[in-house]
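Asker: This is protein31.pdb (PDB, C-alpha atoms).
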MODEL        1
ATOM      1  CA  MET A   1      88.913 124.996  77.278
ATOM      2  CA  PRO A   2      91.600 123.962  79.783
ATOM      3  CA  THR A   3      91.042 120.767  81.718
ATOM      4  CA  LYS A   4      92.011 120.034  85.262
ATOM      5  CA  SER A   5      95.135 118.011  85.719
ATOM      6  CA  ASN A   6      95.056 114.846  87.780
ATOM      7  CA  ASN A   7      98.198 116.070  89.514
ATOM      8  CA  THR A   8      96.711 117.891  92.499
ATOM      9  CA  GLY A   9      99.964 118.457  94.326
ATOM     10  CA  GLY A  10      99.777 117.876  98.048
ATOM     11  CA  GLN A  11      95.991 117.752  98.267
ATOM     12  CA  GLY A  12      95.332 114.035  98.192
ATOM     13  CA  GLY A  13      96.662 110.940  99.781
ATOM     14  CA  ARG A  14      97.258 109.777 103.296
ATOM     15  CA  ARG A  15      97.607 112.465 105.939
ATOM     16  CA  PRO A  16     100.410 112.281 108.526
ATOM     17  CA  GLY A  17      99.136 110.873 111.806
ATOM     18  CA  ALA A  18      95.883 109.665 110.248
ATOM     19  CA  GLY A  19      94.556 106.187 110.756
ATOM     20  CA  ARG A  20      94.881 103.478 113.353
ATOM     21  CA  LYS A  21      97.975 103.667 115.526
ATOM     22  CA  PRO A  22     100.266 100.622 115.382
ATOM     23  CA  LYS A  23     100.026  98.091 118.178
ATOM     24  CA  GLY A  24     102.881  97.805 120.618
ATOM     25  CA  VAL A  25     105.283  94.867 120.584
ATOM     26  CA  ALA A  26     103.994  93.608 123.948
ATOM     27  CA  GLU A  27     100.403  93.633 122.653
ATOM     28  CA  LYS A  28     101.383  91.812 119.442
ATOM     29  CA  ALA A  29     103.278  89.168 121.411
ATOM     30  CA  ALA A  30     100.340  88.718 123.800
ATOM     31  CA  ASN A  31      98.001  88.138 120.837
ATOM     32  CA  GLY A  32     100.288  85.534 119.279
ATOM     33  CA  ASN A  33     101.780  87.890 116.646
ATOM     34  CA  PRO A  34      98.808  87.757 114.225
ATOM     35  CA  GLY A  35     100.811  89.262 111.312
ATOM     36  CA  GLY A  36     103.496  86.581 111.556
ATOM     37  CA  ARG A  37     106.376  89.021 111.003
ATOM     38  CA  LYS A  38     109.462  88.911 113.181
ATOM     39  CA  LEU A  39     108.995  91.248 116.143
ATOM     40  CA  THR A  40     111.745  93.659 117.045
ATOM     41  CA  VAL A  41     111.694  93.597 120.813
ATOM     42  CA  LEU A  42     113.499  96.066 123.016
ATOM     43  CA  ASP A  43     113.819  94.766 126.523
ATOM     44  CA  ILE A  44     113.591  98.132 128.268
ATOM     45  CA  PRO A  45     114.898  97.057 131.687
ATOM     46  CA  ASP A  46     118.154  95.849 130.053
ATOM     47  CA  MET A  47     118.640  98.666 127.531
ATOM     48  CA  GLU A  48     121.412 101.197 127.695
ATOM     49  CA  GLY A  49     120.370 104.813 127.871
ATOM     50  CA  THR A  50     122.223 107.880 126.730
ATOM     51  CA  GLU A  51     123.345 110.882 128.708
ATOM     52  CA  MET A  52     120.891 113.727 128.869
ATOM     53  CA  PRO A  53     121.784 116.325 126.252
ATOM     54  CA  LYS A  54     122.069 119.796 127.733
ATOM     55  CA  PRO A  55     118.719 121.572 127.295
ATOM     56  CA  ASP A  56     118.784 124.415 124.805
ATOM     57  CA  ALA A  57     119.181 127.830 126.474
ATOM     58  CA  ILE A  58     115.822 128.961 125.078
ATOM     59  CA  LEU A  59     114.130 126.470 127.424
ATOM     60  CA  SER A  60     115.148 128.558 130.430
ATOM     61  CA  ALA A  61     115.075 132.024 128.877
ATOM     62  CA  THR A  62     114.180 135.059 130.979
ATOM     63  CA  GLN A  63     110.667 136.183 130.143
ATOM     64  CA  LYS A  64     109.391 139.742 129.690
ATOM     65  CA  ASP A  65     108.000 139.771 133.238
ATOM     66  CA  GLY A  66     111.416 138.764 134.651
ATOM     67  CA  THR A  67     110.552 135.146 135.428
ATOM     68  CA  THR A  68     112.409 132.170 133.993
ATOM     69  CA  LEU A  69     110.682 129.843 131.556
ATOM     70  CA  LYS A  70     110.160 126.422 133.162
ATOM     71  CA  ALA A  71     110.664 124.368 129.992
ATOM     72  CA  ALA A  72     114.152 123.210 131.036
ATOM     73  CA  GLU A  73     112.715 121.707 134.241
ATOM     74  CA  ILE A  74     110.021 119.896 132.262
ATOM     75  CA  TYR A  75     112.658 118.675 129.785
ATOM     76  CA  GLU A  76     114.816 117.302 132.602
ATOM     77  CA  ALA A  77     111.849 115.594 134.293
ATOM     78  CA  VAL A  78     110.821 113.856 131.060
ATOM     79  CA  TRP A  79     114.418 112.897 130.255
ATOM     80  CA  HIS A  80     114.946 111.392 133.728
ATOM     81  CA  TRP A  81     111.695 109.447 133.341
ATOM     82  CA  LEU A  82     112.890 108.128 129.964
ATOM     83  CA  GLU A  83     116.225 107.331 131.590
ATOM     84  CA  SER A  84     114.452 105.291 134.290
ATOM     85  CA  LEU A  85     112.912 103.242 131.461
ATOM     86  CA  LYS A  86     116.318 103.100 129.744
ATOM     87  CA  ALA A  87     114.637 104.389 126.599
ATOM     88  CA  THR A  88     116.513 107.637 125.979
ATOM     89  CA  ALA A  89     118.212 106.229 122.878
ATOM     90  CA  TYR A  90     114.855 105.836 121.142
ATOM     91  CA  VAL A  91     113.254 109.226 121.790
ATOM     92  CA  SER A  92     114.667 112.244 120.024
ATOM     93  CA  PRO A  93     115.855 115.030 122.350
ATOM     94  CA  GLN A  94     114.207 117.497 119.944
ATOM     95  CA  VAL A  95     110.805 115.913 120.530
ATOM     96  CA  VAL A  96     111.349 116.175 124.289
ATOM     97  CA  GLU A  97     112.395 119.833 123.880
ATOM     98  CA  GLN A  98     109.324 120.602 121.788
ATOM     99  CA  TYR A  99     107.087 118.935 124.361
ATOM    100  CA  ALA A 100     108.743 120.854 127.201
ATOM    101  CA  MET A 101     108.436 124.202 125.407
ATOM    102  CA  CYS A 102     104.779 123.672 124.523
ATOM    103  CA  ARG A 103     103.957 122.520 128.049
ATOM    104  CA  ALA A 104     105.771 125.510 129.589
ATOM    105  CA  ARG A 105     104.002 127.963 127.257
ATOM    106  CA  TRP A 106     100.659 126.368 128.113
ATOM    107  CA  LEU A 107     101.442 126.884 131.793
ATOM    108  CA  GLN A 108     102.300 130.527 131.082
ATOM    109  CA  CYS A 109      98.961 131.040 129.345
ATOM    110  CA  GLU A 110      97.135 129.415 132.263
ATOM    111  CA  GLN A 111      98.977 131.691 134.677
ATOM    112  CA  MET A 112      98.001 134.779 132.640
ATOM    113  CA  THR A 113      94.386 133.614 132.499
ATOM    114  CA  ASN A 114      94.432 133.210 136.292
ATOM    115  CA  GLU A 115      95.879 136.694 136.760
ATOM    116  CA  LEU A 116      93.841 138.586 134.146
ATOM    117  CA  GLY A 117      90.611 136.603 134.043
ATOM    118  CA  PHE A 118      88.624 135.009 131.266
ATOM    119  CA  LEU A 119      87.461 138.248 129.643
ATOM    120  CA  SER A 120      89.312 141.037 127.901
ATOM    121  CA  ARG A 121      88.300 144.200 126.061
ATOM    122  CA  HIS A 122      88.263 144.407 122.291
ATOM    123  CA  PRO A 123      90.898 146.978 121.241
ATOM    124  CA  THR A 124      88.584 149.027 119.001
ATOM    125  CA  THR A 125      85.043 148.449 120.290
ATOM    126  CA  ASN A 126      85.899 148.032 124.000
ATOM    127  CA  LYS A 127      83.288 145.265 124.164
ATOM    128  CA  PRO A 128      84.095 142.199 126.262
ATOM    129  CA  ILE A 129      85.754 139.321 124.431
ATOM    130  CA  THR A 130      87.310 136.043 125.491
ATOM    131  CA  SER A 131      90.857 136.491 126.722
ATOM    132  CA  PRO A 132      93.327 135.716 123.928
ATOM    133  CA  PHE A 133      95.405 133.704 126.418
ATOM    134  CA  ILE A 134      92.675 131.048 126.452
ATOM    135  CA  ASN A 135      92.971 130.262 122.732
ATOM    136  CA  ILE A 136      96.751 130.553 122.779
ATOM    137  CA  GLY A 137      96.835 128.158 125.750
ATOM    138  CA  ILE A 138      94.561 125.688 123.983
ATOM    139  CA  ASN A 139      96.897 125.697 120.965
ATOM    140  CA  TYR A 140      99.954 125.074 123.140
ATOM    141  CA  MET A 141      98.128 122.344 125.061
ATOM    142  CA  ASN A 142      97.193 120.600 121.791
ATOM    143  CA  GLN A 143     100.779 120.812 120.548
ATOM    144  CA  ALA A 144     102.099 119.453 123.855
ATOM    145  CA  THR A 145      99.598 116.595 123.693
ATOM    146  CA  ARG A 146     100.733 115.678 120.164
ATOM    147  CA  GLN A 147     104.376 115.713 121.235
ATOM    148  CA  TRP A 148     103.625 113.607 124.321
ATOM    149  CA  ASP A 149     101.689 111.134 122.174
ATOM    150  CA  ALA A 150     104.748 110.833 119.889
ATOM    151  CA  ILE A 151     106.956 110.096 122.911
ATOM    152  CA  MET A 152     104.513 107.526 124.305
ATOM    153  CA  GLN A 153     104.010 105.905 120.894
ATOM    154  CA  THR A 154     107.765 105.395 120.571
ATOM    155  CA  ILE A 155     107.869 103.782 124.008
ATOM    156  CA  LYS A 156     104.780 101.652 123.292
ATOM    157  CA  GLU A 157     106.072 100.392 119.950
ATOM    158  CA  ASN A 158     109.440  99.362 121.364
ATOM    159  CA  CYS A 159     108.568  98.074 124.820
ATOM    160  CA  SER A 160     108.221  94.372 125.556
ATOM    161  CA  VAL A 161     107.050  94.901 129.136
ATOM    162  CA  ASP A 162     104.192  96.856 130.651
ATOM    163  CA  PHE A 163     105.449 100.289 131.713
ATOM    164  CA  THR A 164     102.366 101.621 133.460
ATOM    165  CA  GLY A 165     102.939 103.927 136.362
ATOM    166  CA  ALA A 166     103.701 107.536 137.047
ATOM    167  CA  ASN A 167     105.092 109.616 134.223
ATOM    168  CA  PRO A 168     105.909 113.329 134.002
ATOM    169  CA  ASN A 169     102.776 114.119 132.000
ATOM    170  CA  ASP A 170     100.504 112.640 134.678
ATOM    171  CA  ASP A 171     102.053 114.514 137.592
ATOM    172  CA  LEU A 172      99.331 117.177 137.647
ATOM    173  CA  GLU A 173     100.069 118.431 141.148
ATOM    174  CA  LYS A 174     103.613 119.359 140.171
ATOM    175  CA  ILE A 175     102.432 120.981 136.951
ATOM    176  CA  LEU A 176      99.779 123.038 138.721
ATOM    177  CA  HIS A 177     102.208 124.328 141.344
ATOM    178  CA  GLN A 178     105.154 124.768 139.005
ATOM    179  CA  ARG A 179     104.677 128.481 138.297
ATOM    180  CA  LYS A 180     104.097 129.331 141.955
ATOM    181  CA  GLY A 181     107.444 127.847 142.974
ATOM    182  CA  VAL A 182     105.832 125.467 145.492
TER
ENDMDL
END
Translate this file's structure into structure tokens.
Answerer:
Amino acid sequence: MPTKSNNTGGQGGRRPGAGRKPKGVAEKAANGNPGGRKLTVLDIPDMEGTEMPKPDAILSATQKDGTTLKAAEIYEAVWHWLESLKATAYVSPQVVEQYAMCRARWLQCEQMTNELGFLSRHPTTNKPITSPFINIGINYMNQATRQWDAIMQTIKENCSVDFTGANPNDDLEKILHQRKGV
């Protein structure tokens, strides 16, 4: 009779993103550096940034309805915010692009939900069902949140000063009016 192998492939072990998030340098320094290791401190106000890489063309692609995807605008807003912190060298442009694309797609789903409503008809039974744009939007919102958390974690881990204040993710008024062109 065959026995199960202890080699279970990728089923066990630590999961990516699981567990307690590391403390930021500023928090460690404020607590007297309890671990005793040398802290790598980036003094954000004195750091050199990098030029904004040109956003990928897909971020401003023409959509099926003739509108332009707003991801490039989101990308530029986040990049300029990172530039104001002089932290562009520490955040990957790909992460910013992924965040911008997910955020723009979420906005598209919200716009479609506003236009078409919360209910749809099932294609075969014609019974009312939840609009598919709601679940698609939730997935994009979750992805955008994960990408934003990665950006903020990079800033938090490498910042020696408090950087509280407005950031592109918190500017809800702009996000809500973005699709309307206001």
Asker: When distances are computed from only C-alpha atoms, which of A:Met101, A:Ile151, A:Ile134, A:Ile58 shows the smallest separation from Leu116 of chain A?
Answerer: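 Ranking A:Met101, A:Ile151, A:Ile134, A:Ile58 by distance to Leu116 of chain A, first place goes to A:Ile134.
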Asker: Name the closest residue to Glu115 of chain A among the candidates A:Asp149, A:Glu76, A:Phe133, A:Pro16; distances are taken between atoms, counting only C-alpha atoms.
Answerer: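 Closest residue, counting only C-alpha atoms: A:Phe133.
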Asker: Between atom CA of Trp106 of chain A and atom CA of Val91 of chain A, what distance in Å does the model show, to one decimal?
Answerer: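 About the pair atom CA of Trp106 of chain A and atom CA of Val91 of chain A: they are 22.2 Å apart.
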Asker: I'd like to see the residues matched by the PyMOL selection byres ((chain A and resi 54-57) around 12) on this file, and ideally I'd get them as a ChimeraX atom specification.
Answerer: /A:50-53,58-62,68-79,93-98,100-101
Asker: Any chance you could build segment 89-105 of chain A out to N, CA, C and O atoms and write it as a JSON list (two decimals), in the frame of the given file?
Answerer:
[["chain", "number", "residue", "atom", "x", "y", "z"],
["A", 89, "ALA", "N", 117.62, 106.39, 124.21],
["A", 89, "ALA", "CA", 118.21, 106.23, 122.88],
["A", 89, "ALA", "C", 117.16, 106.20, 121.78],
["A", 89, "ALA", "O", 117.48, 106.35, 120.61],
["A", 90, "TYR", "N", 115.90, 106.02, 122.15],
["A", 90, "TYR", "CA", 114.86, 105.84, 121.14],
["A", 90, "TYR", "C", 113.94, 107.04, 121.00],
["A", 90, "TYR", "O", 113.12, 107.08, 120.09],
["A", 91, "VAL", "N", 114.07, 108.02, 121.87],
["A", 91, "VAL", "CA", 113.25, 109.23, 121.79],
["A", 91, "VAL", "C", 114.17, 110.40, 121.49],
["A", 91, "VAL", "O", 115.16, 110.62, 122.19],
["A", 92, "SER", "N", 113.84, 111.12, 120.45],
["A", 92, "SER", "CA", 114.67, 112.24, 120.02],
["A", 92, "SER", "C", 114.66, 113.36, 121.06],
["A", 92, "SER", "O", 113.59, 113.75, 121.55],
["A", 93, "PRO", "N", 115.81, 113.90, 121.42],
["A", 93, "PRO", "CA", 115.86, 115.03, 122.35],
["A", 93, "PRO", "C", 115.06, 116.23, 121.83],
["A", 93, "PRO", "O", 114.50, 116.99, 122.62],
["A", 94, "GLN", "N", 114.97, 116.39, 120.51],
["A", 94, "GLN", "CA", 114.21, 117.50, 119.94],
["A", 94, "GLN", "C", 112.72, 117.36, 120.24],
["A", 94, "GLN", "O", 112.04, 118.34, 120.50],
["A", 95, "VAL", "N", 112.22, 116.13, 120.21],
["A", 95, "VAL", "CA", 110.80, 115.91, 120.53],
["A", 95, "VAL", "C", 110.56, 116.25, 122.00],
["A", 95, "VAL", "O", 109.54, 116.87, 122.34],
["A", 96, "VAL", "N", 111.49, 115.87, 122.87],
["A", 96, "VAL", "CA", 111.35, 116.18, 124.29],
["A", 96, "VAL", "C", 111.41, 117.69, 124.50],
["A", 96, "VAL", "O", 110.64, 118.25, 125.28],
["A", 97, "GLU", "N", 112.31, 118.37, 123.77],
["A", 97, "GLU", "CA", 112.40, 119.83, 123.88],
["A", 97, "GLU", "C", 111.11, 120.49, 123.41],
["A", 97, "GLU", "O", 110.62, 121.44, 124.04],
["A", 98, "GLN", "N", 110.56, 120.03, 122.30],
["A", 98, "GLN", "CA", 109.32, 120.60, 121.79],
["A", 98, "GLN", "C", 108.18, 120.39, 122.78],
["A", 98, "GLN", "O", 107.39, 121.31, 123.01],
["A", 99, "TYR", "N", 108.11, 119.20, 123.36],
["A", 99, "TYR", "CA", 107.09, 118.94, 124.36],
["A", 99, "TYR", "C", 107.25, 119.88, 125.55],
["A", 99, "TYR", "O", 106.29, 120.50, 126.01],
["A", 100, "ALA", "N", 108.48, 120.01, 126.03],
["A", 100, "ALA", "CA", 108.74, 120.85, 127.20],
["A", 100, "ALA", "C", 108.39, 122.31, 126.92],
["A", 100, "ALA", "O", 107.78, 122.99, 127.77],
["A", 101, "MET", "N", 108.74, 122.80, 125.75],
["A", 101, "MET", "CA", 108.44, 124.20, 125.41],
["A", 101, "MET", "C", 106.93, 124.42, 125.31],
["A", 101, "MET", "O", 106.40, 125.39, 125.87],
["A", 102, "CYS", "N", 106.23, 123.53, 124.65],
["A", 102, "CYS", "CA", 104.78, 123.67, 124.52],
["A", 102, "CYS", "C", 104.09, 123.59, 125.88],
["A", 102, "CYS", "O", 103.17, 124.36, 126.17],
["A", 103, "ARG", "N", 104.54, 122.67, 126.72],
["A", 103, "ARG", "CA", 103.96, 122.52, 128.05],
["A", 103, "ARG", "C", 104.21, 123.77, 128.90],
["A", 103, "ARG", "O", 103.33, 124.25, 129.60],
["A", 104, "ALA", "N", 105.44, 124.31, 128.82],
["A", 104, "ALA", "CA", 105.77, 125.51, 129.59],
["A", 104, "ALA", "C", 104.96, 126.71, 129.10],
["A", 104, "ALA", "O", 104.47, 127.52, 129.91],
["A", 105, "ARG", "N", 104.80, 126.85, 127.79],
["A", 105, "ARG", "CA", 104.00, 127.96, 127.26],
["A", 105, "ARG", "C", 102.54, 127.82, 127.65],
["A", 105, "ARG", "O", 101.87, 128.80, 127.94]]
